[in-house]
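Listing of work_24.cif, mmCIF, C-alpha atoms
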```cif
data_query
loop_
_atom_site.group_PDB
_atom_site.id
_atom_site.type_symbol
_atom_site.label_atom_id
_atom_site.label_comp_id
_atom_site.auth_asym_id
_atom_site.auth_seq_id
_atom_site.Cartn_x
_atom_site.Cartn_y
_atom_site.Cartn_z
ATOM 1 C CA MET U 1 192.621 -186.214 -68.042
ATOM 2 C CA GLN U 2 193.677 -186.753 -71.625
ATOM 3 C CA ASN U 3 191.365 -185.612 -74.376
ATOM 4 C CA THR U 4 189.403 -188.763 -74.997
ATOM 5 C CA SER U 5 188.689 -187.776 -78.568
ATOM 6 C CA ILE U 6 192.216 -188.964 -79.378
ATOM 7 C CA LEU U 7 191.732 -192.229 -77.588
ATOM 8 C CA THR U 8 189.953 -194.111 -80.320
ATOM 9 C CA TYR U 9 192.549 -196.659 -81.280
ATOM 10 C CA GLN U 10 191.147 -198.362 -84.297
ATOM 11 C CA SER U 11 187.948 -198.373 -86.236
ATOM 12 C CA PHE U 12 185.685 -201.361 -86.252
ATOM 13 C CA THR U 13 185.520 -201.353 -90.012
ATOM 14 C CA HIS U 14 188.480 -203.689 -90.412
ATOM 15 C CA LEU U 15 186.574 -206.502 -88.785
ATOM 16 C CA LYS U 16 185.254 -208.950 -91.327
ATOM 17 C CA GLU U 17 182.579 -210.354 -89.110
ATOM 18 C CA PHE U 18 181.519 -209.441 -85.642
ATOM 19 C CA SER U 19 178.794 -209.528 -83.089
ATOM 20 C CA VAL U 20 177.774 -206.281 -81.523
ATOM 21 C CA GLN U 21 175.807 -205.320 -78.453
ATOM 22 C CA GLN U 22 174.963 -202.094 -76.677
ATOM 23 C CA VAL U 23 174.374 -201.850 -72.946
ATOM 24 C CA LEU U 24 173.098 -198.804 -71.126
ATOM 25 C CA LEU U 25 174.565 -198.333 -67.656
ATOM 26 C CA ASP U 26 173.515 -195.951 -64.936
ATOM 27 C CA LYS U 27 176.079 -193.840 -63.159
ATOM 28 C CA GLN U 28 176.701 -196.566 -60.570
ATOM 29 C CA GLY U 29 177.322 -199.134 -63.294
ATOM 30 C CA PHE U 30 174.025 -201.043 -63.035
ATOM 31 C CA VAL U 31 172.497 -202.251 -66.287
ATOM 32 C CA LEU U 32 169.509 -200.139 -67.421
ATOM 33 C CA GLU U 33 169.001 -201.638 -70.859
ATOM 34 C CA ASN U 34 170.620 -204.561 -72.583
ATOM 35 C CA ASP U 35 169.703 -206.436 -75.746
ATOM 36 C CA GLU U 36 171.421 -209.576 -74.320
ATOM 37 C CA ARG U 37 172.987 -210.649 -77.591
ATOM 38 C CA LEU U 38 176.349 -211.329 -75.920
ATOM 39 C CA LEU U 39 176.050 -210.397 -72.278
ATOM 40 C CA LYS U 40 173.148 -211.791 -70.302
ATOM 41 C CA ASN U 41 171.345 -209.747 -67.682
ATOM 42 C CA HIS U 42 171.333 -212.493 -65.070
ATOM 43 C CA LEU U 43 175.055 -211.918 -64.570
ATOM 44 C CA PHE U 44 174.448 -208.448 -63.245
ATOM 45 C CA ARG U 45 171.245 -208.598 -61.245
ATOM 46 C CA GLN U 46 172.721 -208.341 -57.775
ATOM 47 C CA LYS U 47 175.731 -206.153 -58.268
ATOM 48 C CA SER U 48 176.938 -203.343 -60.496
ATOM 49 C CA ILE U 49 179.403 -204.188 -63.254
ATOM 50 C CA PRO U 50 182.346 -202.409 -61.556
ATOM 51 C CA GLU U 51 181.720 -204.557 -58.453
ATOM 52 C CA ILE U 52 181.969 -207.724 -60.515
ATOM 53 C CA CYS U 53 184.725 -206.923 -63.010
ATOM 54 C CA PRO U 54 188.141 -205.490 -62.141
ATOM 55 C CA PHE U 55 188.352 -204.046 -65.664
ATOM 56 C CA PHE U 56 185.277 -201.921 -65.032
ATOM 57 C CA GLU U 57 186.349 -201.045 -61.528
ATOM 58 C CA SER U 58 189.535 -199.599 -62.962
ATOM 59 C CA ILE U 59 188.000 -197.553 -65.788
ATOM 60 C CA PHE U 60 184.638 -196.507 -64.380
ATOM 61 C CA PRO U 61 185.802 -193.352 -62.546
ATOM 62 C CA SER U 62 187.373 -192.110 -65.795
ATOM 63 C CA LEU U 63 184.096 -192.443 -67.702
ATOM 64 C CA TYR U 64 182.624 -189.590 -65.676
ATOM 65 C CA LEU U 65 185.220 -187.323 -67.262
ATOM 66 C CA LEU U 66 184.018 -187.982 -70.810
ATOM 67 C CA LYS U 67 182.299 -185.055 -72.499
ATOM 68 C CA GLU U 68 178.630 -185.845 -72.888
ATOM 69 C CA ASP U 69 177.695 -186.926 -76.430
ATOM 70 C CA ILE U 70 181.161 -185.959 -77.697
ATOM 71 C CA ASP U 71 183.939 -188.148 -76.352
ATOM 72 C CA GLU U 72 184.191 -191.863 -76.664
ATOM 73 C CA VAL U 73 186.881 -194.135 -75.440
ATOM 74 C CA HIS U 74 187.797 -197.410 -77.084
ATOM 75 C CA PHE U 75 189.524 -200.390 -75.484
ATOM 76 C CA PRO U 76 190.595 -202.977 -78.045
ATOM 77 C CA SER U 77 190.731 -206.726 -77.331
ATOM 78 C CA VAL U 78 189.771 -206.938 -73.691
ATOM 79 C CA SER U 79 189.635 -210.357 -72.119
ATOM 80 C CA LEU U 80 186.852 -210.201 -69.562
ATOM 81 C CA TYR U 81 186.010 -213.242 -67.557
ATOM 82 C CA VAL U 82 182.578 -213.131 -65.937
ATOM 83 C CA LYS U 83 181.308 -216.290 -64.295
ATOM 84 C CA ASP U 84 182.098 -218.567 -67.279
ATOM 85 C CA ASP U 85 179.612 -216.664 -69.451
ATOM 86 C CA PHE U 86 181.686 -214.028 -71.159
ATOM 87 C CA GLN U 87 184.854 -215.677 -72.343
ATOM 88 C CA GLY U 88 187.032 -214.528 -75.206
ATOM 89 C CA TYR U 89 188.119 -211.107 -76.417
ATOM 90 C CA PHE U 90 185.941 -208.064 -76.976
ATOM 91 C CA HIS U 91 186.388 -204.508 -78.221
ATOM 92 C CA TYR U 92 184.680 -202.013 -75.925
ATOM 93 C CA THR U 93 183.670 -198.435 -76.593
ATOM 94 C CA PHE U 94 182.199 -196.143 -73.947
ATOM 95 C CA SER U 95 180.469 -192.813 -74.194
ATOM 96 C CA LYS U 96 178.485 -190.630 -71.823
ATOM 97 C CA ALA U 97 174.975 -189.475 -72.652
ATOM 98 C CA ARG U 98 171.787 -188.161 -71.103
ATOM 99 C CA TYR U 99 168.766 -190.458 -70.940
ATOM 100 C CA GLN U 100 165.492 -189.358 -69.341
ATOM 101 C CA GLU U 101 167.408 -186.506 -67.671
ATOM 102 C CA HIS U 102 169.941 -188.866 -66.107
ATOM 103 C CA ILE U 103 173.596 -189.360 -66.930
ATOM 104 C CA VAL U 104 174.125 -192.792 -68.479
ATOM 105 C CA PHE U 105 177.015 -194.621 -70.064
ATOM 106 C CA VAL U 106 176.686 -196.356 -73.408
ATOM 107 C CA TRP U 107 178.834 -199.463 -73.526
ATOM 108 C CA THR U 108 179.283 -200.912 -77.004
ATOM 109 C CA ILE U 109 180.664 -204.431 -77.222
ATOM 110 C CA LEU U 110 182.062 -206.103 -80.320
ATOM 111 C CA LYS U 111 183.235 -209.662 -80.228
ATOM 112 C CA ASP U 112 186.844 -209.811 -81.391
ATOM 113 C CA LYS U 113 186.466 -212.929 -83.497
ATOM 114 C CA ASP U 114 189.938 -212.674 -84.979
ATOM 115 C CA ALA U 115 191.649 -212.679 -81.558
ATOM 116 C CA GLU U 116 192.586 -216.343 -81.529
ATOM 117 C CA ASN U 117 194.091 -216.206 -85.020
ATOM 118 C CA ARG U 118 196.001 -213.037 -84.148
ATOM 119 C CA GLN U 119 197.299 -214.700 -81.009
ATOM 120 C CA ILE U 120 198.557 -217.697 -82.990
ATOM 121 C CA ARG U 121 200.232 -215.444 -85.573
ATOM 122 C CA GLN U 122 201.796 -213.263 -82.869
ATOM 123 C CA GLN U 123 202.929 -216.293 -80.898
ATOM 124 C CA THR U 124 204.650 -217.707 -83.992
ATOM 125 C CA GLU U 125 206.328 -214.400 -84.778
ATOM 126 C CA ASN U 126 207.467 -213.735 -81.196
ATOM 127 C CA THR U 127 208.808 -217.272 -80.806
ATOM 128 C CA ARG U 128 210.729 -216.869 -84.071
ATOM 129 C CA LEU U 129 212.261 -213.581 -82.878
ATOM 130 C CA LEU U 130 213.188 -215.089 -79.517
ATOM 131 C CA GLU U 131 214.921 -217.984 -81.266
ATOM 132 C CA ILE U 132 216.891 -215.560 -83.455
ATOM 133 C CA GLU U 133 217.958 -213.561 -80.383
ATOM 134 C CA LYS U 134 219.041 -216.736 -78.607
ATOM 135 C CA SER U 135 221.197 -217.826 -81.525
ATOM 136 C CA GLU U 136 222.972 -214.456 -81.799
ATOM 137 C CA MET R 1 189.338 -199.438 -49.353
ATOM 138 C CA ILE R 2 191.497 -197.643 -51.901
ATOM 139 C CA SER R 3 191.783 -198.921 -55.494
ATOM 140 C CA ARG R 4 194.594 -198.114 -57.896
ATOM 141 C CA LYS R 5 195.009 -199.107 -61.532
ATOM 142 C CA VAL R 6 198.485 -200.385 -62.395
ATOM 143 C CA ILE R 7 199.705 -201.390 -65.870
ATOM 144 C CA LEU R 8 202.335 -204.018 -66.607
ATOM 145 C CA THR R 9 204.088 -203.089 -69.821
ATOM 146 C CA GLY R 10 207.292 -203.675 -71.784
ATOM 147 C CA SER R 11 208.474 -205.657 -74.791
ATOM 148 C CA PHE R 12 207.097 -209.099 -75.624
ATOM 149 C CA GLY R 13 208.479 -212.118 -73.784
ATOM 150 C CA VAL R 14 209.929 -210.201 -70.825
ATOM 151 C CA GLY R 15 207.668 -211.929 -68.306
ATOM 152 C CA LYS R 16 204.791 -209.498 -67.757
ATOM 153 C CA THR R 17 202.169 -212.214 -67.691
ATOM 154 C CA SER R 18 204.380 -214.340 -65.442
ATOM 155 C CA LEU R 19 204.681 -211.432 -62.990
ATOM 156 C CA PHE R 20 200.909 -210.945 -63.211
ATOM 157 C CA THR R 21 200.283 -214.651 -62.520
ATOM 158 C CA GLN R 22 202.889 -214.825 -59.765
ATOM 159 C CA PHE R 23 201.444 -211.751 -58.018
ATOM 160 C CA ILE R 24 197.752 -212.605 -58.414
ATOM 161 C CA TYR R 25 197.819 -216.403 -58.119
ATOM 162 C CA ASN R 26 201.289 -217.244 -56.699
ATOM 163 C CA LYS R 27 201.876 -219.502 -59.703
ATOM 164 C CA PHE R 28 204.373 -219.810 -62.526
ATOM 165 C CA ASP R 29 204.064 -221.549 -65.880
ATOM 166 C CA ASP R 30 207.206 -222.128 -67.951
ATOM 167 C CA LYS R 31 205.268 -222.178 -71.223
ATOM 168 C CA TYR R 32 205.414 -218.920 -73.190
ATOM 169 C CA LEU R 33 202.007 -217.769 -74.370
ATOM 170 C CA THR R 34 201.746 -214.435 -76.158
ATOM 171 C CA THR R 35 199.318 -211.963 -74.623
ATOM 172 C CA ILE R 36 197.036 -210.071 -76.927
ATOM 173 C CA GLY R 37 194.968 -207.063 -75.917
ATOM 174 C CA VAL R 38 194.503 -206.784 -72.180
ATOM 175 C CA LYS R 39 193.399 -208.815 -69.226
ATOM 176 C CA VAL R 40 192.716 -207.379 -65.793
ATOM 177 C CA ASN R 41 192.601 -208.824 -62.318
ATOM 178 C CA LYS R 42 193.003 -207.476 -58.824
ATOM 179 C CA LYS R 43 194.604 -208.270 -55.501
ATOM 180 C CA SER R 44 194.312 -206.579 -52.139
ATOM 181 C CA LEU R 45 197.373 -205.596 -50.154
ATOM 182 C CA ASP R 46 197.705 -204.429 -46.590
ATOM 183 C CA ILE R 47 199.750 -201.251 -46.661
ATOM 184 C CA ASP R 48 200.553 -200.174 -43.114
ATOM 185 C CA GLY R 49 197.087 -201.183 -41.937
ATOM 186 C CA GLU R 50 195.287 -199.716 -44.935
ATOM 187 C CA GLU R 51 193.706 -202.005 -47.543
ATOM 188 C CA LEU R 52 194.765 -201.254 -51.095
ATOM 189 C CA SER R 53 193.260 -202.990 -54.113
ATOM 190 C CA ILE R 54 195.691 -203.176 -57.022
ATOM 191 C CA LEU R 55 193.792 -203.404 -60.312
ATOM 192 C CA LEU R 56 196.471 -204.939 -62.475
ATOM 193 C CA TRP R 57 196.405 -204.669 -66.276
ATOM 194 C CA ASP R 58 198.477 -207.201 -68.181
ATOM 195 C CA ILE R 59 198.796 -205.860 -71.706
ATOM 196 C CA ALA R 60 200.255 -207.192 -74.940
ATOM 197 C CA GLY R 61 203.994 -206.628 -75.200
ATOM 198 C CA GLU R 62 205.183 -203.994 -77.635
ATOM 199 C CA VAL R 63 208.757 -203.354 -78.710
ATOM 200 C CA SER R 64 208.007 -199.634 -78.498
ATOM 201 C CA GLN R 65 205.562 -198.183 -75.978
ATOM 202 C CA ASP R 66 203.985 -195.757 -78.427
ATOM 203 C CA LYS R 67 202.336 -198.813 -80.021
ATOM 204 C CA VAL R 68 200.265 -199.434 -76.876
ATOM 205 C CA PRO R 69 196.665 -198.159 -77.267
ATOM 206 C CA VAL R 70 196.539 -194.800 -75.490
ATOM 207 C CA SER R 71 193.192 -195.655 -73.906
ATOM 208 C CA TYR R 72 194.854 -198.397 -71.837
ATOM 209 C CA PHE R 73 196.599 -195.684 -69.795
ATOM 210 C CA LEU R 74 193.343 -193.952 -68.895
ATOM 211 C CA GLY R 75 193.000 -193.618 -65.128
ATOM 212 C CA ALA R 76 196.277 -195.429 -64.384
ATOM 213 C CA SER R 77 198.081 -194.512 -61.183
ATOM 214 C CA GLY R 78 201.095 -196.690 -61.759
ATOM 215 C CA ILE R 79 203.069 -198.428 -64.474
ATOM 216 C CA ILE R 80 205.476 -201.316 -64.098
ATOM 217 C CA TYR R 81 207.850 -201.322 -67.063
ATOM 218 C CA VAL R 82 209.460 -204.736 -67.359
ATOM 219 C CA PHE R 83 212.585 -205.751 -69.237
ATOM 220 C CA ASP R 84 214.399 -209.070 -69.478
ATOM 221 C CA LEU R 85 217.845 -209.201 -67.866
ATOM 222 C CA ALA R 86 218.794 -212.053 -70.174
ATOM 223 C CA ARG R 87 217.734 -210.348 -73.438
ATOM 224 C CA PRO R 88 219.840 -207.326 -74.464
ATOM 225 C CA SER R 89 217.309 -206.305 -77.128
ATOM 226 C CA THR R 90 214.857 -205.415 -74.349
ATOM 227 C CA HIS R 91 217.380 -202.966 -72.831
ATOM 228 C CA LEU R 92 217.634 -200.779 -75.908
ATOM 229 C CA ASN R 93 214.451 -198.680 -75.677
ATOM 230 C CA ILE R 94 214.187 -198.343 -71.908
ATOM 231 C CA ILE R 95 214.994 -194.640 -71.609
ATOM 232 C CA ALA R 96 212.788 -193.584 -74.540
ATOM 233 C CA ASP R 97 209.959 -195.814 -73.320
ATOM 234 C CA ILE R 98 210.125 -194.454 -69.769
ATOM 235 C CA GLU R 99 210.054 -190.890 -71.102
ATOM 236 C CA TYR R 100 206.978 -191.746 -73.157
ATOM 237 C CA LEU R 101 205.254 -193.402 -70.184
ATOM 238 C CA LYS R 102 205.909 -190.334 -68.016
ATOM 239 C CA LYS R 103 203.928 -188.326 -70.547
ATOM 240 C CA MET R 104 201.093 -190.857 -70.415
ATOM 241 C CA ILE R 105 200.728 -190.630 -66.631
ATOM 242 C CA PRO R 106 202.446 -187.387 -65.587
ATOM 243 C CA ASP R 107 201.367 -187.689 -61.937
ATOM 244 C CA GLY R 108 201.728 -191.462 -61.693
ATOM 245 C CA ILE R 109 204.386 -193.802 -60.350
ATOM 246 C CA ILE R 110 206.592 -195.666 -62.819
ATOM 247 C CA LYS R 111 208.672 -198.628 -61.697
ATOM 248 C CA LEU R 112 211.467 -200.025 -63.835
ATOM 249 C CA VAL R 113 211.721 -203.752 -63.252
ATOM 250 C CA ALA R 114 214.480 -206.120 -64.356
ATOM 251 C CA ASN R 115 212.918 -209.561 -64.590
ATOM 252 C CA LYS R 116 214.342 -213.079 -65.054
ATOM 253 C CA LYS R 117 216.927 -212.571 -62.329
ATOM 254 C CA ASP R 118 217.206 -216.354 -62.088
ATOM 255 C CA LEU R 119 218.810 -216.484 -65.558
ATOM 256 C CA VAL R 120 221.790 -214.211 -64.875
ATOM 257 C CA THR R 121 224.629 -213.893 -62.386
ATOM 258 C CA ASN R 122 225.123 -211.023 -59.957
ATOM 259 C CA GLU R 123 228.117 -209.859 -62.020
ATOM 260 C CA GLN R 124 225.958 -209.715 -65.143
ATOM 261 C CA ILE R 125 223.286 -207.779 -63.256
ATOM 262 C CA GLU R 126 225.869 -205.204 -62.201
ATOM 263 C CA GLN R 127 227.097 -204.816 -65.781
ATOM 264 C CA ILE R 128 223.560 -204.427 -67.131
ATOM 265 C CA ALA R 129 222.623 -201.865 -64.486
ATOM 266 C CA LYS R 130 225.744 -199.850 -65.311
ATOM 267 C CA LYS R 131 225.046 -200.021 -69.041
ATOM 268 C CA ILE R 132 221.393 -199.033 -68.750
ATOM 269 C CA ASN R 133 222.371 -196.039 -66.615
ATOM 270 C CA ILE R 134 218.914 -195.401 -65.174
ATOM 271 C CA PRO R 135 217.809 -196.459 -61.684
ATOM 272 C CA ILE R 136 216.222 -199.920 -61.628
ATOM 273 C CA ASP R 137 213.524 -200.224 -58.987
ATOM 274 C CA ALA R 138 213.419 -203.997 -58.653
ATOM 275 C CA PHE R 139 215.211 -207.136 -59.789
ATOM 276 C CA THR R 140 212.639 -209.902 -59.918
ATOM 277 C CA SER R 141 212.186 -213.491 -60.897
ATOM 278 C CA ALA R 142 208.593 -214.310 -61.750
ATOM 279 C CA LYS R 143 209.738 -217.929 -61.917
ATOM 280 C CA THR R 144 210.969 -218.212 -58.334
ATOM 281 C CA GLY R 145 208.826 -215.374 -57.008
ATOM 282 C CA GLU R 146 211.900 -213.505 -55.787
ATOM 283 C CA ASN R 147 211.142 -209.838 -55.040
ATOM 284 C CA VAL R 148 207.702 -209.980 -56.707
ATOM 285 C CA GLU R 149 205.696 -209.420 -53.538
ATOM 286 C CA GLU R 150 208.217 -206.767 -52.464
ATOM 287 C CA LEU R 151 207.821 -204.948 -55.784
ATOM 288 C CA PHE R 152 204.053 -204.660 -55.421
ATOM 289 C CA SER R 153 204.284 -203.867 -51.744
ATOM 290 C CA GLN R 154 206.668 -200.971 -52.434
ATOM 291 C CA LEU R 155 204.496 -199.782 -55.310
ATOM 292 C CA GLY R 156 201.464 -199.980 -53.020
ATOM 293 C CA LYS R 157 203.205 -197.776 -50.461
ATOM 294 C CA ASP R 158 204.012 -195.244 -53.169
ATOM 295 C CA LEU R 159 200.395 -195.250 -54.365
ATOM 296 C CA VAL R 160 198.599 -194.624 -51.060
#
```

So that I can check it, write out the structure of this file as structure tokens.
Amino acid sequence: MQNTSILTYQSFTHLKEFSVQQVLLDKQGFVLENDERLLKNHLFRQKSIPEICPFFESIFPSLYLLKEDIDEVHFPSVSLYVKDDFQGYFHYTFSKARYQEHIVFVWTILKDKDAENRQIRQQTENTRLLEIEKSE
Amino acid sequence: MISRKVILTGSFGVGKTSLFTQFIYNKFDDKYLTTIGVKVNKKSLDIDGEELSILLWDIAGEVSQDKVPVSYFLGASGIIYVFDLARPSTHLNIIADIEYLKKMIPDGIIKLVANKKDLVTNEQIEQIAKKINIPIDAFTSAKTGENVEELFSQLGKDLV
């Protein structure tokens, strides 16, 4: 596995305004603690998060490899669709820790409020470049 | 059931999202909509009697692969690198990009995919393949669906 200390892609400090939430997951991916500011607990009562979300299913095994209290891994601008309740783009950061003698994962969520504007800007720029290429 | 994470990558506008949508939903939309960040979905395939779940990551297009957040490659077993047969600018960085991707997933499978087959002739495809001078794993059309299922089926076989 790559050294996850180099995986942090960007700092959150560039964000002008954001909403943040932390969720504590057990090693199966069930929610232990959640302040419910963005993500509501009722979404995850029956099943673990990796069972519900393909994004989590694909990254969860890698989280075990993080060094406890040292590594963190950051995924910028993830679009995660969960039962109509969690639409839009979010920055996620994960770390591994010990809580009451158990391994837990700390999942930090920041709403990417600039995503729609960035998409519009990028769309404009890409369309412009495609038009230039076509005319050449 | 086995699960494998696969990333669709390449320059912008080459048809990654269209391949994603064609594979996951069997649909195609002519309208170009830029992808930002990442979206993930999955589809199960039967590979010689074994069920394989492909966890497919559709990521924002980048002209150069070293601009893709490194974390996106974490835990990936396969990468589909897509270029556009009808856009020469997307042929320029293929070798450098593939070399970079090999470093990102040293033990993984990388497929080089020439998309938008419906926009070029067979003669043009031959010329492009000769010019690129690196084996192309699949020639697809996300629009018509040609070779899309076959691409993922072959990748699935390589991943199990």

Leaving out stretch 71-75 of chain R and any residue of its chain fewer than 3 positions from it, which residues lie within 7 Å of it when counting only C-alpha atoms, given as a PyMOL selection string? (chain U and resi 7+59+62+73-75) or (chain R and resi 5+104)

Given the file shown, determine the residues that the PyMOL selection byres ((chain U) within 6 of (chain R)) selects; report them as a list of chain:residue names. U:Leu7, U:Tyr9, U:Pro54, U:Phe55, U:Ser58, U:Ser62, U:Ser77, U:Val78, U:Ser79, U:Gln123

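Put simply, atom CA of R:Thr17 is 28.7 Å away from atom CA of U:Lys47.
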
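Here atom CA of U:Phe44 and atom CA of R:Met1 stand 22.3 Å from one another.
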
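Across the structure, atom CA of R:Ile2 and atom CA of R:Ser77 are spaced 11.8 Å apart.
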
Within 10 Å of R:Phe83, counting only C-alpha atoms, which residues show up once you throw out same-chain ones fewer than 6 positions away? Write them as a ChimeraX atom specification, please. /R:9-16,89-94,112-116,139

So that I can check the surroundings of stretch 31-37 of chain U, please list as an MDAnalysis selection string every protein, DNA and RNA residue that reaches within 12 Å of it, counting all atoms listed in the file and ignoring chain neighbours fewer than 5 positions away. chainID U and resid 18:26 42:50 85:86 99:100 102:111

Please dump the current selection as a PDB file, in the frame of the given file; keep C-alpha atoms.
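As a result, out.pdb now contains:
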```pdb
ATOM      1  CA  PHE U  18     181.519-209.441 -85.642  1.00  0.00           C
ATOM      2  CA  SER U  19     178.794-209.528 -83.089  1.00  0.00           C
ATOM      3  CA  VAL U  20     177.774-206.281 -81.523  1.00  0.00           C
ATOM      4  CA  GLN U  21     175.807-205.320 -78.453  1.00  0.00           C
ATOM      5  CA  GLN U  22     174.963-202.094 -76.677  1.00  0.00           C
ATOM      6  CA  VAL U  23     174.374-201.850 -72.946  1.00  0.00           C
ATOM      7  CA  LEU U  24     173.098-198.804 -71.126  1.00  0.00           C
ATOM      8  CA  LEU U  25     174.565-198.333 -67.656  1.00  0.00           C
ATOM      9  CA  ASP U  26     173.515-195.951 -64.936  1.00  0.00           C
ATOM     10  CA  HIS U  42     171.333-212.493 -65.070  1.00  0.00           C
ATOM     11  CA  LEU U  43     175.055-211.918 -64.570  1.00  0.00           C
ATOM     12  CA  PHE U  44     174.448-208.448 -63.245  1.00  0.00           C
ATOM     13  CA  ARG U  45     171.245-208.598 -61.245  1.00  0.00           C
ATOM     14  CA  GLN U  46     172.721-208.341 -57.775  1.00  0.00           C
ATOM     15  CA  LYS U  47     175.731-206.153 -58.268  1.00  0.00           C
ATOM     16  CA  SER U  48     176.938-203.343 -60.496  1.00  0.00           C
ATOM     17  CA  ILE U  49     179.403-204.188 -63.254  1.00  0.00           C
ATOM     18  CA  PRO U  50     182.346-202.409 -61.556  1.00  0.00           C
ATOM     19  CA  ASP U  85     179.612-216.664 -69.451  1.00  0.00           C
ATOM     20  CA  PHE U  86     181.686-214.028 -71.159  1.00  0.00           C
ATOM     21  CA  TYR U  99     168.766-190.458 -70.940  1.00  0.00           C
ATOM     22  CA  GLN U 100     165.492-189.358 -69.341  1.00  0.00           C
ATOM     23  CA  HIS U 102     169.941-188.866 -66.107  1.00  0.00           C
ATOM     24  CA  ILE U 103     173.596-189.360 -66.930  1.00  0.00           C
ATOM     25  CA  VAL U 104     174.125-192.792 -68.479  1.00  0.00           C
ATOM     26  CA  PHE U 105     177.015-194.621 -70.064  1.00  0.00           C
ATOM     27  CA  VAL U 106     176.686-196.356 -73.408  1.00  0.00           C
ATOM     28  CA  TRP U 107     178.834-199.463 -73.526  1.00  0.00           C
ATOM     29  CA  THR U 108     179.283-200.912 -77.004  1.00  0.00           C
ATOM     30  CA  ILE U 109     180.664-204.431 -77.222  1.00  0.00           C
ATOM     31  CA  LEU U 110     182.062-206.103 -80.320  1.00  0.00           C
ATOM     32  CA  LYS U 111     183.235-209.662 -80.228  1.00  0.00           C
TER      33      LYS U 111
END
```

Would you kindly translate the PyMOL selection byres ((chain R and resi 144) around 10) into the concrete residues it picks from this file, as a VMD selection string? chain R and resid 22 26 to 28 116 to 118 140 to 143 145 to 148

Distance query 12 Å from (220.3, -215.1, -77.2) using only C-alpha atoms, result as a ChimeraX atom specification: /U:128-136 /R:84-90,119

As AutoDock Vina command-line options: centre and edge lengths in Å, one decimal, of the axis-aligned box holding stretch 106-109 of chain U with 4 Å per side:
```
--center_x 178.7 --center_y -200.4 --center_z -75.3 --size_x 12.0 --size_y 16.1 --size_z 11.8
```

Could you tell me which residues the PyMOL selection byres ((chain R and resi 158) around 12) returns for this structure, as an MDAnalysis selection string? chainID R and resid 4 6 47:48 52 77:79 107:111 151:157 159:160
